[in-house]
file run03.cif (mmCIF, C-alpha atoms and all ligand atoms)
data_target
#
loop_
_atom_site.label_atom_id
_atom_site.label_comp_id
_atom_site.auth_asym_id
_atom_site.auth_seq_id
_atom_site.Cartn_x
_atom_site.Cartn_y
_atom_site.Cartn_z
CA MET A 27 -9.61 -16.77 -11.24
CA ALA A 28 -7.07 -19.08 -9.58
CA ALA A 29 -7.81 -21.94 -12.00
CA CYS A 30 -7.58 -19.64 -15.06
CA LEU A 31 -4.27 -18.23 -13.90
CA ARG A 32 -2.77 -21.66 -13.22
CA LEU A 33 -3.94 -23.02 -16.58
CA SER A 34 -2.73 -20.00 -18.55
CA THR A 35 0.64 -20.34 -16.84
CA LYS A 36 0.93 -24.12 -17.19
CA TYR A 37 0.01 -24.13 -20.87
CA GLN A 38 1.67 -20.82 -21.65
CA VAL A 39 -1.54 -19.24 -22.98
CA ALA A 40 -0.05 -15.79 -23.44
CA GLY A 41 -3.26 -14.10 -24.62
CA LEU A 42 -5.31 -15.36 -21.68
CA ARG A 43 -2.55 -14.50 -19.23
CA GLU A 44 -2.40 -10.98 -20.61
CA VAL A 45 -6.17 -10.52 -20.28
CA LEU A 46 -6.05 -11.80 -16.70
CA ARG A 47 -3.11 -9.57 -15.87
CA LYS A 48 -4.95 -6.47 -17.09
CA TRP A 49 -8.02 -7.48 -15.13
CA LEU A 50 -5.96 -8.11 -12.00
CA LYS A 51 -4.62 -4.58 -12.14
CA GLN A 52 -7.95 -3.46 -10.70
CA ASP A 53 -7.08 -5.20 -7.43
CA PHE A 54 -3.30 -4.90 -7.71
CA PRO A 55 -2.50 -1.59 -9.43
CA THR A 56 0.91 -0.95 -10.91
CA SER A 57 0.70 2.85 -10.73
CA LEU A 58 -0.16 5.33 -8.01
CA GLU A 59 -3.04 6.62 -10.16
CA GLY A 60 -4.34 3.06 -10.31
CA TRP A 61 -3.97 2.73 -6.55
CA ASP A 62 -6.02 5.90 -6.02
CA ALA A 63 -8.72 4.64 -8.41
CA MET A 64 -9.08 1.26 -6.69
CA GLU A 65 -12.55 0.08 -5.77
CA PRO A 66 -13.12 -0.36 -2.04
CA GLU A 67 -14.15 -4.00 -2.62
CA TRP A 68 -12.18 -6.78 -4.32
CA VAL A 69 -12.97 -6.97 -8.04
CA CYS A 70 -11.24 -10.13 -9.29
CA PHE A 71 -11.54 -12.22 -6.16
CA GLU A 72 -14.45 -13.12 -3.98
CA SER A 73 -14.06 -11.24 -0.74
CA HIS A 74 -13.48 -13.60 2.18
CA ASN A 75 -11.43 -13.79 5.35
CA SER A 76 -8.15 -14.77 3.77
CA VAL A 77 -8.47 -13.26 0.30
CA ALA A 78 -5.29 -11.15 0.52
CA PHE A 79 -3.15 -14.15 1.63
CA ASP A 80 -4.61 -16.47 -1.01
CA ALA A 81 -4.17 -13.86 -3.74
CA LEU A 82 -0.59 -13.10 -2.76
CA ASN A 83 0.39 -16.77 -2.70
CA LEU A 84 -1.32 -17.30 -6.05
CA LEU A 85 0.36 -14.32 -7.72
CA ARG A 86 3.75 -15.58 -6.51
CA GLU A 87 2.95 -19.11 -7.72
CA VAL A 88 2.01 -18.00 -11.25
CA ASP A 89 4.80 -15.41 -11.29
CA LEU A 90 2.73 -12.29 -11.91
CA ALA A 91 5.43 -10.20 -10.31
CA ALA A 92 4.04 -6.79 -11.33
CA CYS A 93 0.97 -7.45 -9.18
CA LEU A 94 3.01 -8.41 -6.11
CA PRO A 95 3.87 -4.93 -4.73
CA ALA A 96 0.22 -3.94 -4.32
CA ALA A 97 -0.62 -7.45 -3.11
CA PHE A 98 1.92 -7.09 -0.29
CA VAL A 99 0.53 -3.71 0.73
CA LEU A 100 -3.02 -5.08 0.81
CA ALA A 101 -1.98 -8.18 2.77
CA SER A 102 -0.43 -5.92 5.40
CA ALA A 103 -3.89 -4.57 6.33
CA PRO A 104 -4.55 -5.45 9.99
CA GLU A 105 -7.48 -7.77 9.24
CA PHE A 106 -4.98 -10.02 7.49
CA SER A 107 -1.55 -9.27 8.91
CA LEU A 108 -2.54 -9.57 12.56
CA ASN A 109 -2.89 -13.27 11.71
CA LEU A 110 0.25 -13.42 9.66
CA PHE A 111 1.81 -16.31 11.57
CA SER A 112 -1.32 -18.14 12.69
CA GLY A 113 -3.12 -17.98 9.33
CA LEU A 114 -6.75 -17.26 8.49
CA GLU A 115 -9.66 -19.67 8.22
CA ARG A 116 -11.31 -20.02 4.82
CA VAL A 117 -15.02 -20.67 4.30
CA ASP A 118 -14.32 -24.40 3.89
CA LYS A 119 -12.50 -24.35 7.28
CA SER A 120 -9.10 -24.90 5.69
CA ARG A 121 -6.37 -22.52 6.79
CA SER A 122 -4.73 -19.89 4.60
CA MET A 123 -1.10 -19.12 5.37
CA LEU A 124 1.36 -16.98 3.52
CA SER A 125 4.46 -18.89 2.47
CA PRO A 126 7.50 -18.26 4.74
CA GLU A 127 9.06 -16.29 1.86
CA ASN A 128 6.01 -14.01 1.63
CA GLN A 129 5.72 -13.69 5.41
CA ALA A 130 9.28 -12.46 5.70
CA ALA A 131 8.95 -10.09 2.74
CA LEU A 132 5.75 -8.61 4.14
CA VAL A 133 7.17 -7.89 7.60
CA ILE A 134 10.42 -6.45 6.29
CA GLY A 135 8.67 -4.35 3.62
CA ARG A 136 6.06 -2.97 5.99
CA ASP A 137 8.73 -1.97 8.51
CA ARG A 138 10.80 -0.27 5.84
CA ILE A 139 7.81 1.70 4.58
CA THR A 140 6.63 2.89 7.98
CA ASN A 141 10.19 3.78 9.02
CA ASP A 142 10.71 5.81 5.87
CA LEU A 143 7.40 7.59 6.30
CA MET A 144 8.06 8.37 9.95
CA GLY A 145 11.53 9.68 9.12
CA PHE A 146 9.98 11.90 6.47
CA LEU A 147 7.25 13.28 8.74
CA ASN A 148 9.75 13.96 11.52
CA SER A 149 12.04 15.78 9.11
CA TRP A 150 9.43 18.42 8.28
CA SER A 151 10.46 21.83 9.45
CA CYS A 152 8.02 23.23 11.99
CA ALA A 153 6.57 25.85 9.70
CA SER A 154 6.80 27.57 6.32
CA THR A 155 8.87 30.76 6.09
CA ASP A 156 5.54 32.51 5.31
CA CYS A 157 3.89 31.00 8.38
CA VAL A 158 1.50 33.35 10.14
CA SER A 159 1.15 31.27 13.30
CA PRO A 160 4.33 29.24 13.98
CA ARG A 161 3.19 28.15 17.42
CA ASN A 162 -0.15 26.81 16.22
CA CYS A 163 1.40 25.12 13.22
CA ALA A 164 4.02 23.40 15.38
CA ILE A 165 1.20 22.13 17.61
CA GLY A 166 -0.72 21.05 14.47
CA LYS A 167 2.26 19.04 13.28
CA GLY A 168 2.61 17.40 16.68
CA GLU A 169 -1.07 16.47 16.66
CA MET A 170 -0.77 15.07 13.17
CA LEU A 171 2.14 12.85 14.18
CA GLN A 172 0.32 11.77 17.31
CA GLU A 173 -2.73 10.78 15.28
CA ARG A 174 -0.58 8.71 13.00
CA LEU A 175 1.48 6.97 15.66
CA THR A 176 -1.17 4.44 16.58
CA ASP A 177 -0.62 0.68 16.66
CA GLU A 178 -3.18 0.18 13.93
CA TRP A 179 -1.48 2.75 11.77
CA TRP A 180 1.91 1.04 11.97
CA THR A 181 0.60 -2.35 10.95
CA TYR A 182 -0.68 -1.27 7.53
CA ALA A 183 1.80 -0.25 4.82
CA GLY A 184 -1.05 1.32 2.82
CA HIS A 185 -1.23 4.19 5.29
CA ALA A 186 1.87 5.59 3.62
CA LEU A 187 -0.18 5.93 0.43
CA VAL A 188 -3.12 7.83 1.89
CA PRO A 189 -3.75 10.95 -0.25
CA TRP A 190 -3.21 14.29 1.48
CA SER A 191 -6.86 15.19 0.92
CA ASP A 192 -7.88 12.18 3.05
CA LEU A 193 -5.90 13.54 5.99
CA ALA A 194 -8.04 16.69 6.14
CA LYS A 195 -11.16 16.54 8.23
CA PRO A 196 -14.46 16.45 6.28
CA GLY A 197 -15.37 19.81 4.79
CA GLN A 198 -11.83 21.18 5.16
CA GLN A 199 -9.42 21.68 2.32
CA SER A 200 -6.27 21.59 4.41
CA TYR A 201 -5.09 19.63 7.38
CA PRO A 202 -6.62 21.21 10.50
CA GLY A 203 -4.12 23.05 12.67
CA PHE A 204 -1.93 24.43 9.88
CA CYS A 205 -2.04 27.98 8.56
CA PRO A 206 -2.57 28.21 4.76
CA ALA A 207 1.16 28.72 4.02
CA CYS A 208 2.22 25.68 6.07
CA SER A 209 -0.61 23.60 4.72
CA GLU A 210 0.51 24.34 1.18
CA GLU A 211 4.13 23.54 1.98
CA TYR A 212 3.30 20.32 3.81
CA GLU A 213 0.94 19.26 1.03
CA TRP A 214 3.52 19.38 -1.74
CA LYS A 215 6.17 17.78 0.46
CA TYR A 216 3.74 15.02 1.34
CA LEU A 217 2.75 14.60 -2.29
CA LEU A 218 6.38 14.23 -3.35
CA ASN A 219 7.16 11.76 -0.57
CA ARG A 220 4.06 9.72 -1.37
CA HIS A 221 5.26 9.37 -4.96
CA ASN A 222 8.74 8.41 -3.75
CA ILE A 223 7.31 5.75 -1.47
CA TRP A 224 5.19 4.34 -4.29
CA ASP A 225 8.27 4.18 -6.53
CA ARG A 226 10.08 2.15 -3.89
CA ILE A 227 7.18 -0.16 -2.94
CA PRO A 228 8.55 -3.16 -4.91
CA THR A 229 12.04 -2.91 -3.47
CA TYR A 230 10.71 -2.50 0.08
CA PHE A 231 9.28 -6.00 -0.35
CA GLY A 232 12.43 -7.43 -1.91
CA LEU A 233 11.15 -7.32 -5.50
CA GLU A 234 12.67 -5.83 -8.65
CA SER A 235 12.01 -2.15 -9.45
CA TRP A 236 8.71 -1.10 -11.04
CA GLU A 237 10.55 -0.51 -14.30
CA LYS A 238 11.83 -4.08 -14.41
CA LEU A 239 8.59 -5.63 -13.16
CA LEU A 240 6.55 -3.79 -15.76
CA SER A 241 8.96 -4.54 -18.60
CA GLU A 242 8.82 -8.24 -17.68
CA SER A 243 5.03 -8.24 -17.74
CA GLU A 244 4.76 -6.77 -21.24
ZN ZN B 301 2.00 27.99 9.60
#
call {"tool": "encode", "arguments": {"input": "run03.cif", "output": "structure tokens"}}
result
Amino acid sequence: MAACLRLSTKYQVAGLREVLRKWLKQDFPTSLEGWDAMEPEWVCFESHNSVAFDALNLLREVDLAACLPAAFVLASAPEFSLNLFSGLERVDKSRSMLSPENQAALVIGRDRITNDLMGFLNSWSCASTDCVSPRNCAIGKGEMLQERLTDEWWTYAGHALVPWSDLAKPGQQSYPGFCPACSEEYEWKYLLNRHNIWDRIPTYFGLESWEKLLSESE
């Protein structure tokens, strides 16, 4: 993959570059629907210790900017980002490091995303006007925030993109602790905020807007 991308860029093979770009979307989606449909394993790259760092550096090198927002989110996963400044060892024992430019963008972007998400969650009113159990729902919200305020949670920008349905416990439709009215209200607010965060993902990491990135890649 790396060799194909470099060659298609060096020799301006537009057709090949386009094919590769479409293929890469499986690992680096450019829409929230694409993000939700992502495979749990890497598709275009062989999965190894430093895959997210290598991929991000490569995408920056060959200027596939539309793939960069998702690449930054993936590289912020703890298994990679906890070694952001020390690097990760590849199979051949060489060391994979993000460029200083990418390191800075990742840290700043991740902080912006988690701050925005936390501000949003804190801004929720305690309960819906149709709430049937305000006390329980306020406790439920507190528990939800507590669950999310873990060290591991803060290190990964992708947590801001977790679908609402994944927050519910198995077998439950709504988040445990909320009455149906509050659950419904929180769900649509969460849904809206999740879309807003996705729309801003490129700019969090210092990139152009999705609109510009996608128009450049056409
Ligand atoms: Zn309620």
call {"tool": "residues_near_point", "arguments": {"input": "run03.cif", "point": "(9.5, -8.3, 8.6)", "cutoff": "12 Å", "atoms": "only C-alpha atoms", "output": "mmCIF file with C-alpha atoms, keeping the file's coordinate frame"}}
result
data_model
loop_
_atom_site.group_PDB
_atom_site.id
_atom_site.type_symbol
_atom_site.label_atom_id
_atom_site.label_comp_id
_atom_site.auth_asym_id
_atom_site.auth_seq_id
_atom_site.Cartn_x
_atom_site.Cartn_y
_atom_site.Cartn_z
ATOM 1 C CA PHE A 98 1.920 -7.090 -0.290
ATOM 2 C CA SER A 102 -0.430 -5.920 5.400
ATOM 3 C CA SER A 107 -1.550 -9.270 8.910
ATOM 4 C CA LEU A 110 0.250 -13.420 9.660
ATOM 5 C CA PHE A 111 1.810 -16.310 11.570
ATOM 6 C CA PRO A 126 7.500 -18.260 4.740
ATOM 7 C CA GLU A 127 9.060 -16.290 1.860
ATOM 8 C CA ASN A 128 6.010 -14.010 1.630
ATOM 9 C CA GLN A 129 5.720 -13.690 5.410
ATOM 10 C CA ALA A 130 9.280 -12.460 5.700
ATOM 11 C CA ALA A 131 8.950 -10.090 2.740
ATOM 12 C CA LEU A 132 5.750 -8.610 4.140
ATOM 13 C CA VAL A 133 7.170 -7.890 7.600
ATOM 14 C CA ILE A 134 10.420 -6.450 6.290
ATOM 15 C CA GLY A 135 8.670 -4.350 3.620
ATOM 16 C CA ARG A 136 6.060 -2.970 5.990
ATOM 17 C CA ASP A 137 8.730 -1.970 8.510
ATOM 18 C CA ARG A 138 10.800 -0.270 5.840
ATOM 19 C CA ILE A 139 7.810 1.700 4.580
ATOM 20 C CA THR A 140 6.630 2.890 7.980
ATOM 21 C CA THR A 181 0.600 -2.350 10.950
ATOM 22 C CA ALA A 183 1.800 -0.250 4.820
ATOM 23 C CA TYR A 230 10.710 -2.500 0.080
ATOM 24 C CA PHE A 231 9.280 -6.000 -0.350
ATOM 25 C CA GLY A 232 12.430 -7.430 -1.910
#
call {"tool": "closest_atom_pairs", "arguments": {"input": "run03.cif", "of": "chain A", "to": "ligand ZN 301 (chain B)", "cutoff": "12 Å", "atoms": "only C-alpha atoms and all ligand atoms", "output": "JSON lines"}}
result
{"residue": "A:Ser151", "atom": "CA", "partner": "B:ZN301", "partner_atom": "ZN", "distance": 10.5}
{"residue": "A:Cys152", "atom": "CA", "partner": "B:ZN301", "partner_atom": "ZN", "distance": 8.0}
{"residue": "A:Ala153", "atom": "CA", "partner": "B:ZN301", "partner_atom": "ZN", "distance": 5.0}
{"residue": "A:Ser154", "atom": "CA", "partner": "B:ZN301", "partner_atom": "ZN", "distance": 5.8}
{"residue": "A:Thr155", "atom": "CA", "partner": "B:ZN301", "partner_atom": "ZN", "distance": 8.2}
{"residue": "A:Asp156", "atom": "CA", "partner": "B:ZN301", "partner_atom": "ZN", "distance": 7.2}
{"residue": "A:Cys157", "atom": "CA", "partner": "B:ZN301", "partner_atom": "ZN", "distance": 3.8}
{"residue": "A:Val158", "atom": "CA", "partner": "B:ZN301", "partner_atom": "ZN", "distance": 5.4}
{"residue": "A:Ser159", "atom": "CA", "partner": "B:ZN301", "partner_atom": "ZN", "distance": 5.0}
{"residue": "A:Pro160", "atom": "CA", "partner": "B:ZN301", "partner_atom": "ZN", "distance": 5.1}
{"residue": "A:Arg161", "atom": "CA", "partner": "B:ZN301", "partner_atom": "ZN", "distance": 7.9}
{"residue": "A:Asn162", "atom": "CA", "partner": "B:ZN301", "partner_atom": "ZN", "distance": 7.1}
{"residue": "A:Cys163", "atom": "CA", "partner": "B:ZN301", "partner_atom": "ZN", "distance": 4.7}
{"residue": "A:Ala164", "atom": "CA", "partner": "B:ZN301", "partner_atom": "ZN", "distance": 7.7}
{"residue": "A:Ile165", "atom": "CA", "partner": "B:ZN301", "partner_atom": "ZN", "distance": 10.0}
{"residue": "A:Gly166", "atom": "CA", "partner": "B:ZN301", "partner_atom": "ZN", "distance": 8.9}
{"residue": "A:Lys167", "atom": "CA", "partner": "B:ZN301", "partner_atom": "ZN", "distance": 9.7}
{"residue": "A:Ser200", "atom": "CA", "partner": "B:ZN301", "partner_atom": "ZN", "distance": 11.7}
{"residue": "A:Tyr201", "atom": "CA", "partner": "B:ZN301", "partner_atom": "ZN", "distance": 11.2}
{"residue": "A:Pro202", "atom": "CA", "partner": "B:ZN301", "partner_atom": "ZN", "distance": 11.0}
{"residue": "A:Gly203", "atom": "CA", "partner": "B:ZN301", "partner_atom": "ZN", "distance": 8.4}
{"residue": "A:Phe204", "atom": "CA", "partner": "B:ZN301", "partner_atom": "ZN", "distance": 5.3}
{"residue": "A:Cys205", "atom": "CA", "partner": "B:ZN301", "partner_atom": "ZN", "distance": 4.2}
{"residue": "A:Pro206", "atom": "CA", "partner": "B:ZN301", "partner_atom": "ZN", "distance": 6.7}
{"residue": "A:Ala207", "atom": "CA", "partner": "B:ZN301", "partner_atom": "ZN", "distance": 5.7}
{"residue": "A:Cys208", "atom": "CA", "partner": "B:ZN301", "partner_atom": "ZN", "distance": 4.2}
{"residue": "A:Ser209", "atom": "CA", "partner": "B:ZN301", "partner_atom": "ZN", "distance": 7.1}
{"residue": "A:Glu210", "atom": "CA", "partner": "B:ZN301", "partner_atom": "ZN", "distance": 9.3}
{"residue": "A:Glu211", "atom": "CA", "partner": "B:ZN301", "partner_atom": "ZN", "distance": 9.1}
{"residue": "A:Tyr212", "atom": "CA", "partner": "B:ZN301", "partner_atom": "ZN", "distance": 9.7}
call {"tool": "closest_residue", "arguments": {"input": "run03.cif", "among": "A:Asp225, A:Asp118, A:Glu44, A:Glu242", "to": "Leu187 of chain A", "atoms": "only C-alpha atoms"}}
result
A:Asp225
call {"tool": "closest_residue", "arguments": {"input": "run03.cif", "among": "A:Val99, A:Ala63, A:Ala186, A:Leu217", "to": "Gly145 of chain A", "atoms": "only C-alpha atoms"}}
result
A:Ala186
call {"tool": "atom_distance", "arguments": {"input": "run03.cif", "atom1": "atom CA of Leu100 of chain A", "atom2": "atom CA of Ala78 of chain A"}}
result
6.5 Å
call {"tool": "residues_around", "arguments": {"input": "run03.cif", "residues": "segment 54-58 of chain A", "least_positions_apart": "5", "cutoff": "10 Å", "atoms": "all atoms listed in the file", "output": "PyMOL selection string"}}
result
chain A and resi 47-49+63-64+68-70+81-82+92-100+187+220-221+223-225+228+236+239-240
call {"tool": "atom_distance", "arguments": {"input": "run03.cif", "atom1": "atom CA of Arg226 of chain A", "atom2": "atom CA of Met170 of chain A"}}
result
24.0 Å
